[in-house]
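Novice: Below is a structure I'd like to ask you about.
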Amino acid sequence: MSLLIRPSRDSDIPAITAIYAHAVTHGTASFEFDPPDAAEMTRRRATLLEGGYPYLVAERDGAILGYAYAGPYRPRLAYRATVEDSIYVAEEARRQGVGRKLLEALISECEAQDFRLMVAVIGDEESHGSIGVHKSLGFEHVGIFKGIGYKHGRWLSTVLMQRPLGPGVSQPPHP
């Protein structure tokens, strides 16, 4: 069966929680130390959806293989047209194009909602897969925060990338 990218549902929360828990516990994409429970993940998702941001899942044969969402880059009003992407893929589904399909759909959803810039804050310079997927979809490297976090016994950097959405910054955002 082919991969289906769709808006997330309340019933996806257990799978989303498990995918994120693995990322928190074993990875460097998140700088959290303790995986949040399903109630907290439900609250976080609801906050994004109430704010008008897309929250998507990748599903194959009824199994959730990953999820992605856009959220506010910063809370100040001047940043209202800029979003930050987050993408998490289940360990068993990595290197199968799931993250790329999620990011493609997320970009499309954000353009449809008239956001103008997407920012990626990628945990760890060694996250070559995530950096490569973003680059292949038009993101450009704009900087690195060296040694900004300490997790798993080592200092981690974050890679900053950005991509224009729709008309980008060629015209003001809609009010």
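To be explicit about the labels: the chains of the structure tokens are called A, B, and onward in the order shown, and within each one the residues are counted from 1, while ligands get numbers from 1 in the order they are shown.
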Excluding Val159 in chain A and residues on its chain fewer than 2 positions from it, collect all residues at most 6 Å away from it, counting only C-alpha atoms, and give them as a ChimeraX atom specification.
Specialist: /A:121-122,144
Novice: Now that the selection is made, can you save its residues with C-alpha atoms as a JSON list (two decimals), in the first residue's frame?
Specialist:
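Result file is out-v5.json:
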[["chain", "number", "residue", "atom", "x", "y", "z"],
["A", 121, "VAL", "CA", 16.21, 24.23, 13.34],
["A", 122, "ILE", "CA", 17.93, 20.87, 13.01],
["A", 144, "ILE", "CA", 24.93, 26.99, 12.96]]
Novice: Name the residues in contact with Met118 in chain A at a cut-off of 7 Å, using only C-alpha atoms, excluding same-chain residues fewer than 4 positions from it; report them as a PDB file with C-alpha atoms, in the first residue's frame.
Specialist:
ATOM      1  CA  THR A  82       7.263  32.606   9.483  1.00  0.00           C
ATOM      2  CA  VAL A  83       6.854  29.009  10.600  1.00  0.00           C
ATOM      3  CA  GLU A  84       9.251  26.436  11.984  1.00  0.00           C
ATOM      4  CA  ASP A  85       8.916  22.848  10.795  1.00  0.00           C
ATOM      5  CA  GLN A 162      15.252  28.457   5.672  1.00  0.00           C
ATOM      6  CA  ARG A 163      13.028  28.304   2.609  1.00  0.00           C
ATOM      7  CA  PRO A 164      10.686  30.882   1.091  1.00  0.00           C
ATOM      8  CA  LEU A 165       7.020  29.890   0.825  1.00  0.00           C
TER       9      LEU A 165
END
Novice: Among the residues of range 35-103 of chain A, find those DSSP assigns to alpha helix (DSSP H) from the backbone and print them as a compact mmCIF listing (two decimals) with C-alpha atoms, in the first residue's frame.
Specialist:
# COMPACT_ATOMS: atom_id res chain seq x y z
CA ALA A 38 0.04 11.36 25.61
CA ALA A 39 -1.84 14.08 27.50
CA GLU A 40 0.97 16.56 26.93
CA MET A 41 1.30 15.59 23.26
CA THR A 42 -2.47 16.07 22.90
CA ARG A 43 -2.18 19.52 24.46
CA ARG A 44 0.72 20.52 22.20
CA ARG A 45 -1.10 19.35 19.07
CA ALA A 46 -4.31 21.15 20.08
CA THR A 47 -2.40 24.41 20.63
CA LEU A 48 -0.93 24.23 17.13
CA LEU A 49 -4.22 23.33 15.48
CA GLU A 50 -6.04 26.12 17.35
CA VAL A 98 8.70 9.30 4.71
CA GLY A 99 10.33 12.48 6.04
CA ARG A 100 10.59 13.91 2.53
CA LYS A 101 6.91 13.24 1.78
CA LEU A 102 5.88 14.79 5.09
CA LEU A 103 7.99 17.89 4.46
Novice: Which of chain A end up as strand (DSSP E or B) when DSSP is run on this backbone - answer as a PyMOL selection string?
Specialist: chain A and resi 4-7+55-60+63-72+82-89+117-123+140-151+154-164
Novice: Need the shell around His152 in chain A: protein/DNA/RNA residues with any atom at most 10 Å away, counting only C-alpha atoms. Skip same-chain ones fewer than 6 positions apart. Format as a list of chain:residue names?
Specialist: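 That gives A:Thr25, A:His26, A:Gly27, A:Thr28, A:Phe31, A:Phe33.
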Novice: To one decimal place in Å, what is the distance between CA of Ala93 in chain A and CA of Leu4 in chain A?
Specialist: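 Separating CA of Ala93 in chain A from CA of Leu4 in chain A is a distance of 13.5 Å.
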Novice: Of the candidates A:Leu3, A:Ala18, A:Ile87, A:Ala29, which one gets nearest to Ser157 in chain A if we count only C-alpha atoms?
Specialist: A:Ala29
Novice: I'd like to know which of A:Ser30, A:Val89, A:Ser2, A:Tyr55 is closest to Ala15 in chain A, using only C-alpha atoms.
Specialist: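 Residue with the minimum atom-to-atom distance to Ala15 in chain A: A:Val89.
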